[in-house]
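S.K.: My structure file start.txt, compact mmCIF, C-alpha atoms, is below:
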# COMPACT_ATOMS: atom_id res chain seq x y z
CA MET A 1 0.00 0.00 0.00
CA LYS A 2 1.34 3.44 -0.96
CA HIS A 3 1.44 6.30 1.54
CA ASP A 4 2.52 9.90 0.96
CA THR A 5 4.22 9.95 4.36
CA THR A 6 6.00 7.45 6.59
CA ALA A 7 6.79 7.68 10.30
CA MET A 8 9.77 5.73 11.62
CA ILE A 9 9.92 4.95 15.33
CA LEU A 10 13.45 4.43 16.64
CA ALA A 11 12.91 1.56 19.08
CA ALA A 12 16.07 -0.53 18.74
CA GLY A 13 18.13 1.03 21.54
CA LEU A 14 19.35 -0.82 24.61
CA GLY A 15 17.58 1.50 27.07
CA THR A 16 20.59 1.57 29.37
CA ARG A 17 19.55 4.85 31.03
CA LEU A 18 16.36 3.18 32.31
CA LYS A 19 18.46 0.43 33.96
CA ALA A 20 16.20 -1.94 35.93
CA LEU A 21 13.17 -1.19 33.76
CA THR A 22 14.84 -2.63 30.65
CA GLN A 23 16.43 -5.77 32.11
CA ASP A 24 13.60 -7.96 30.83
CA LYS A 25 11.99 -5.78 28.15
CA PRO A 26 12.89 -3.21 25.49
CA LYS A 27 12.61 0.50 26.29
CA ALA A 28 9.71 0.66 23.82
CA LEU A 29 7.59 -1.53 26.14
CA VAL A 30 8.34 0.36 29.36
CA GLU A 31 4.98 1.69 30.55
CA LEU A 32 3.86 5.27 31.02
CA ASN A 33 0.65 5.41 33.07
CA GLY A 34 -0.14 1.78 32.27
CA LYS A 35 0.55 1.95 28.53
CA PRO A 36 3.83 1.04 26.74
CA LEU A 37 5.79 3.92 25.24
CA LEU A 38 5.51 2.27 21.84
CA GLN A 39 1.72 2.28 22.05
CA HIS A 40 1.69 5.95 23.07
CA CYS A 41 3.88 6.70 20.07
CA ILE A 42 1.92 4.66 17.52
CA GLU A 43 -1.43 6.06 18.64
CA ASN A 44 -0.10 9.62 18.52
CA LEU A 45 1.29 9.11 15.01
CA ILE A 46 -2.02 7.72 13.78
CA ALA A 47 -3.87 10.66 15.37
CA ASN A 48 -1.55 12.95 13.40
CA GLY A 49 -2.32 11.23 10.10
CA PHE A 50 0.59 8.80 9.73
CA TYR A 51 -0.70 5.43 8.54
CA HIS A 52 2.56 3.88 7.39
CA ILE A 53 4.87 3.24 10.33
CA VAL A 54 8.31 1.61 10.37
CA ILE A 55 9.76 0.38 13.67
CA ASN A 56 13.39 -0.68 14.01
CA VAL A 57 14.15 -3.44 16.50
CA HIS A 58 17.19 -4.98 18.21
CA HIS A 59 17.01 -5.21 22.03
CA PHE A 60 14.30 -7.78 23.00
CA SER A 61 13.14 -7.46 19.40
CA GLU A 62 10.69 -10.39 19.55
CA GLN A 63 8.71 -8.65 22.28
CA ILE A 64 8.17 -5.62 20.05
CA ILE A 65 7.26 -7.76 17.04
CA ASP A 66 4.78 -9.78 19.13
CA PHE A 67 3.31 -6.60 20.63
CA VAL A 68 2.60 -5.16 17.18
CA LYS A 69 1.08 -8.44 16.00
CA LEU A 70 -1.23 -8.64 19.03
CA HIS A 71 -2.61 -5.11 18.63
CA GLN A 72 -4.94 -4.03 15.85
CA PHE A 73 -3.49 -0.62 15.09
CA ASP A 74 -5.14 1.31 12.26
CA ALA A 75 -1.89 1.58 10.33
CA ASP A 76 0.40 -0.35 8.01
CA ILE A 77 3.31 -1.24 10.32
CA GLU A 78 6.61 -2.69 9.09
CA ILE A 79 9.65 -3.88 11.05
CA SER A 80 13.20 -2.88 10.19
CA ASP A 81 15.21 -5.78 11.60
CA GLU A 82 18.48 -4.90 13.36
CA ARG A 83 18.67 -8.09 15.43
CA SER A 84 22.06 -9.06 14.00
CA LEU A 85 23.63 -5.61 14.46
CA LEU A 86 22.46 -2.45 16.25
CA MET A 87 22.78 0.32 13.66
CA ASP A 88 22.63 3.48 15.84
CA THR A 89 20.31 6.37 14.97
CA GLY A 90 21.70 7.13 11.53
CA GLY A 91 22.49 3.61 10.44
CA GLY A 92 18.97 2.55 11.40
CA ILE A 93 17.49 5.16 9.07
CA VAL A 94 19.83 4.18 6.23
CA LYS A 95 18.92 0.50 6.66
CA ALA A 96 15.18 1.32 6.60
CA THR A 97 15.38 3.64 3.57
CA PRO A 98 14.00 1.04 1.10
CA LEU A 99 10.80 0.97 3.19
CA PHE A 100 10.30 4.71 2.50
CA LYS A 101 10.34 4.42 -1.30
CA ASP A 102 6.64 5.17 -1.83
CA SER A 103 6.56 8.20 0.48
CA LYS A 104 7.30 11.86 -0.19
CA ALA A 105 8.41 12.58 3.36
CA VAL A 106 9.52 10.68 6.45
CA LEU A 107 9.12 11.61 10.11
CA VAL A 108 11.56 10.01 12.55
CA HIS A 109 10.31 9.83 16.13
CA ASN A 110 12.35 8.52 19.07
CA VAL A 111 10.23 6.03 21.01
CA ASP A 112 11.14 7.70 24.31
CA ILE A 113 9.81 11.14 23.29
CA ILE A 114 6.26 12.09 24.24
CA SER A 115 4.76 15.46 23.36
CA ASN A 116 1.74 17.19 21.85
CA VAL A 117 3.63 18.60 18.87
CA ASN A 118 1.24 18.95 15.91
CA LEU A 119 3.20 16.57 13.70
CA GLY A 120 0.55 16.41 11.00
CA GLU A 121 0.56 20.17 10.46
CA ILE A 122 4.35 20.38 10.51
CA CYS A 123 4.51 17.57 7.96
CA ARG A 124 2.19 19.51 5.63
CA GLN A 125 4.38 22.59 6.01
CA PHE A 126 7.50 20.56 5.30
CA LEU A 127 6.00 19.06 2.14
CA ASP A 128 5.20 22.60 0.94
CA SER A 129 8.76 23.76 1.61
CA GLU A 130 11.82 23.40 -0.61
CA ASN A 131 13.95 22.02 2.21
CA ASP A 132 15.53 18.58 2.38
CA ALA A 133 15.12 18.07 6.14
CA TRP A 134 13.62 19.82 9.14
CA LEU A 135 15.17 19.17 12.55
CA LEU A 136 12.58 20.06 15.19
CA THR A 137 14.41 22.10 17.80
CA GLN A 138 13.83 23.81 21.14
CA ASP A 139 15.38 26.60 23.15
CA ARG A 140 16.07 24.55 26.29
CA GLU A 141 19.02 23.72 28.49
CA THR A 142 21.11 20.72 27.47
CA ASN A 143 24.82 20.09 27.01
CA ARG A 144 24.38 18.91 23.44
CA LYS A 145 23.26 21.54 20.95
CA LEU A 146 22.85 21.84 17.20
CA LEU A 147 24.27 25.02 15.65
CA PHE A 148 22.46 26.99 12.93
CA ASP A 149 23.22 30.09 10.88
CA ASP A 150 21.00 33.14 10.31
CA GLU A 151 19.03 31.23 7.65
CA ASN A 152 18.39 28.40 10.13
CA ARG A 153 20.69 26.08 8.19
CA LEU A 154 22.67 23.46 10.10
CA VAL A 155 26.34 24.41 10.50
CA GLY A 156 27.51 22.32 13.45
CA TRP A 157 27.05 20.44 16.71
CA THR A 158 28.54 20.85 20.16
CA ASN A 159 28.79 19.02 23.45
CA LYS A 160 29.34 21.97 25.76
CA SER A 161 30.24 19.93 28.83
CA GLU A 162 33.14 18.32 26.96
CA GLU A 163 33.90 21.39 24.80
CA LYS A 164 33.57 19.28 21.66
CA PHE A 165 32.51 20.66 18.29
CA LYS A 166 31.71 19.17 14.91
CA TRP A 167 31.26 21.39 11.86
CA VAL A 168 29.61 21.10 8.47
CA TYR A 169 32.52 22.91 6.86
CA ASN A 170 36.22 22.99 7.69
CA GLU A 171 36.37 23.54 11.43
CA SER A 172 39.28 25.98 11.00
CA ALA A 173 36.77 28.40 9.49
CA LEU A 174 34.69 28.38 12.66
CA ARG A 175 36.01 28.39 16.20
CA PRO A 176 34.37 27.80 19.62
CA PHE A 177 32.12 30.48 21.09
CA ASP A 178 34.50 32.01 23.63
CA ARG A 179 37.33 32.59 21.16
CA LEU A 180 34.94 33.92 18.52
CA ARG A 181 33.55 36.47 20.95
CA ALA A 182 37.03 37.58 21.91
CA GLN A 183 38.20 38.04 18.32
CA GLY A 184 35.50 40.37 17.04
CA PRO A 185 33.73 39.75 13.70
CA GLN A 186 32.39 36.24 13.69
CA PRO A 187 30.09 33.89 11.83
CA TYR A 188 26.57 34.12 13.23
CA TYR A 189 25.10 30.93 14.62
CA LYS A 190 22.65 29.97 17.33
CA GLU A 191 22.42 26.97 19.62
CA MET A 192 19.25 24.88 19.62
CA ALA A 193 18.40 21.61 21.37
CA PHE A 194 17.34 18.69 19.19
CA SER A 195 13.88 17.33 20.07
CA GLY A 196 14.31 13.76 18.78
CA LEU A 197 11.84 14.55 15.97
CA HIS A 198 12.79 15.25 12.36
CA PHE A 199 11.38 15.23 8.84
CA PHE A 200 13.24 14.52 5.59
CA ARG A 201 12.69 13.71 1.93
CA SER A 202 12.39 9.96 1.61
CA ASP A 203 15.54 9.40 -0.48
CA LEU A 204 17.81 11.74 1.49
CA PHE A 205 19.84 8.96 3.17
CA ALA A 206 19.87 6.56 0.21
CA GLU A 207 23.53 7.07 -0.75
CA PHE A 208 25.03 6.37 2.67
CA GLU A 209 26.73 3.11 3.58
CA ASP A 210 24.63 0.62 5.52
CA LYS A 211 26.59 0.56 8.81
CA PRO A 212 26.21 1.76 12.42
CA GLN A 213 26.46 5.55 12.52
CA SER A 214 25.00 8.63 14.19
CA VAL A 215 22.20 10.54 12.49
CA ILE A 216 23.76 13.82 13.64
CA ASP A 217 26.97 12.94 11.80
CA LEU A 218 24.94 12.12 8.69
CA TYR A 219 23.06 15.41 8.85
CA LEU A 220 26.34 17.32 9.22
CA ASN A 221 27.55 15.56 6.09
CA LEU A 222 24.31 16.21 4.21
CA ALA A 223 24.26 19.89 5.17
CA LYS A 224 27.22 20.54 2.84
CA THR A 225 24.95 20.16 -0.18
CA ASN A 226 21.39 20.02 1.20
CA ARG A 227 19.08 22.36 3.06
CA ILE A 228 19.01 20.93 6.60
CA ILE A 229 16.89 23.41 8.54
CA SER A 230 15.99 24.14 12.17
CA LYS A 231 12.22 24.12 12.78
CA PRO A 232 11.66 25.52 16.31
CA ILE A 233 8.75 24.05 18.27
CA GLN A 234 7.01 25.20 21.45
CA PRO A 235 4.57 22.43 22.41
CA ASP A 236 2.53 22.47 25.61
CA TYR A 237 4.59 19.50 26.73
CA TRP A 238 7.61 17.53 25.57
CA PHE A 239 9.37 14.83 27.57
CA ASP A 240 12.49 12.77 26.94
CA LEU A 241 11.74 9.56 28.84
CA GLY A 242 15.26 8.15 28.81
CA LYS A 243 15.71 8.25 32.60
CA PRO A 244 13.47 7.01 35.46
CA GLU A 245 13.06 10.51 36.91
CA GLN A 246 11.96 11.85 33.52
CA LEU A 247 9.45 9.01 33.19
CA LEU A 248 8.01 9.90 36.61
CA ALA A 249 7.79 13.58 35.71
CA ALA A 250 5.86 12.74 32.54
CA GLU A 251 3.50 10.41 34.41
CA ASN A 252 2.71 13.13 36.94
CA TYR A 253 2.19 15.78 34.27
CA ILE A 254 -0.06 13.65 32.06
CA LYS A 255 -2.27 12.79 35.03
CA THR A 256 -3.13 16.50 35.26
CA LEU A 257 -4.37 16.71 31.64
Is it possible to express this structure as structure tokens?
M.R.:
Amino acid sequence: MKHDTTAMILAAGLGTRLKALTQDKPKALVELNGKPLLQHCIENLIANGFYHIVINVHHFSEQIIDFVKLHQFDADIEISDERSLLMDTGGGIVKATPLFKDSKAVLVHNVDIISNVNLGEICRQFLDSENDAWLLTQDRETNRKLLFDDENRLVGWTNKSEEKFKWVYNESALRPFDRLRAQGPQPYYKEMAFSGLHFFRSDLFAEFEDKPQSVIDLYLNLAKTNRIISKPIQPDYWFDLGKPEQLLAAENYIKTL
């Protein structure tokens, strides 16, 4: 069945930050208020108009496959099998690219992100744009930031706690923030936090090698010749559920809705 859009749920990770909760199950099946994260994600995607969903699997993969089989979701769901080798965020997308061939755009959604972002509307806006990818970003505190120029194009990445930088272009042309400020005229760029949500044209990753690799590294590579753009979002709520305390915070917040 052909679909104009595909949503890919990244569910293959080991869930190490959730420790005891993922000793006997994948992170995707950890529960939030009595419902697995994967179910929250699938139902939200369907509510936003995504009826073709790809899920990558590795850690306790059979549990995810069985869960999907046992539930009658109103969507065409396919599995991207990483049981033999965990492909990381970028490699997982590259491996799944053949499953996107009938779609015009792909949304990637981390399974441990829960929010009320209007993904359907943003997808429509993306399809109407001339951009190759939209990275949904936020102005929030985190050590890891994406760096964008005055046209919102991706130019780099930083881990501020480790003072590490990666650049789209030759890093000698751009230097860390403190030295730039001290030396006067400088390239303009702004720091934004990645939300774990992004849209791209379905063939964008087709030329990359099928191997474990980071999606951030791939986007930095792509940004040399493609329009990789920051799309700021300000949802009512957004939670990264990678740690037990974040899971608890989300449970408490959602109970108030």
S.K.: I need every residue sitting at most 10 Å from the point (14.7, -7.7, 10.1) (coordinates as in the file, only C-alpha atoms considered), written as a VMD selection string.
M.R.: chain A and resid 56 to 58 61 78 to 84 95 to 96
S.K.: I'd like the neighbourhood of Asp203 in chain A as number ranges by chain, where a residue qualifies if any of its atoms comes within 8 Å (using all atoms listed in the file), though same-chain residues fewer than 3 positions away should be ignored.
M.R.: A: 97, 100-101, 206
S.K.: For Phe126 in chain A, list every protein, DNA or RNA residue within 12 Å, evaluated using all atoms listed in the file, and leave out those in the same chain fewer than 4 positions away; present the list as a ChimeraX atom specification.
M.R.: /A:5,104-107,119-122,130-136,198-201,227-231
S.K.: Show me the residues around (30.1, 20.5, 26.7) - criterion: an atom at most 10 Å away, all atoms listed in the file counted - as a list of chain:residue names.
M.R.: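 Checked against the point, the hits come out as A:Thr142, A:Asn143, A:Arg144, A:Lys145, A:Thr158, A:Asn159, A:Lys160, A:Ser161, A:Glu162, A:Glu163, A:Lys164, A:Phe165.
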S.K.: Pick the closest to Ala47 in chain A from A:Arg17, A:Val117, A:Val111, A:Asp139: which is it, counting only C-alpha atoms?
M.R.: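 Checking each of A:Arg17, A:Val117, A:Val111, A:Asp139 against Ala47 in chain A, counting only C-alpha atoms, the winner is A:Val117.
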S.K.: Out of A:Gly15, A:Ile9, A:Asp112, A:Phe239, which residue has the shortest atom-to-atom distance to Pro36 in chain A when counting all atoms listed in the file?
M.R.: A:Asp112
S.K.: What does the distance from CA of Asp74 in chain A to CA of Ile46 in chain A come to in Å, to one decimal?
M.R.: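 One can read the CA of Asp74 in chain A to CA of Ile46 in chain A distance as 7.3 Å.
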S.K.: For a test of reading the model, state the distance in Å between CA of Glu209 in chain A and CA of Arg124 in chain A, rounded to one decimal.
M.R.: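 Rounded to one decimal, the two atoms are 29.6 Å apart.
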S.K.: Pick from A:Ala11, A:Val54, A:Ile233, A:Leu154: nearest to Tyr169 in chain A, with all atoms listed in the file counted?
M.R.: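 The answer is A:Leu154, which sits nearest to Tyr169 in chain A.
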S.K.: Measuring atom to atom with only C-alpha atoms, identify which of A:Pro26, A:Gly49, A:Ile55, A:Asp236 is nearest to Gly92 in chain A.
M.R.: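 Ranked by minimum distance to Gly92 in chain A, first place goes to A:Ile55.
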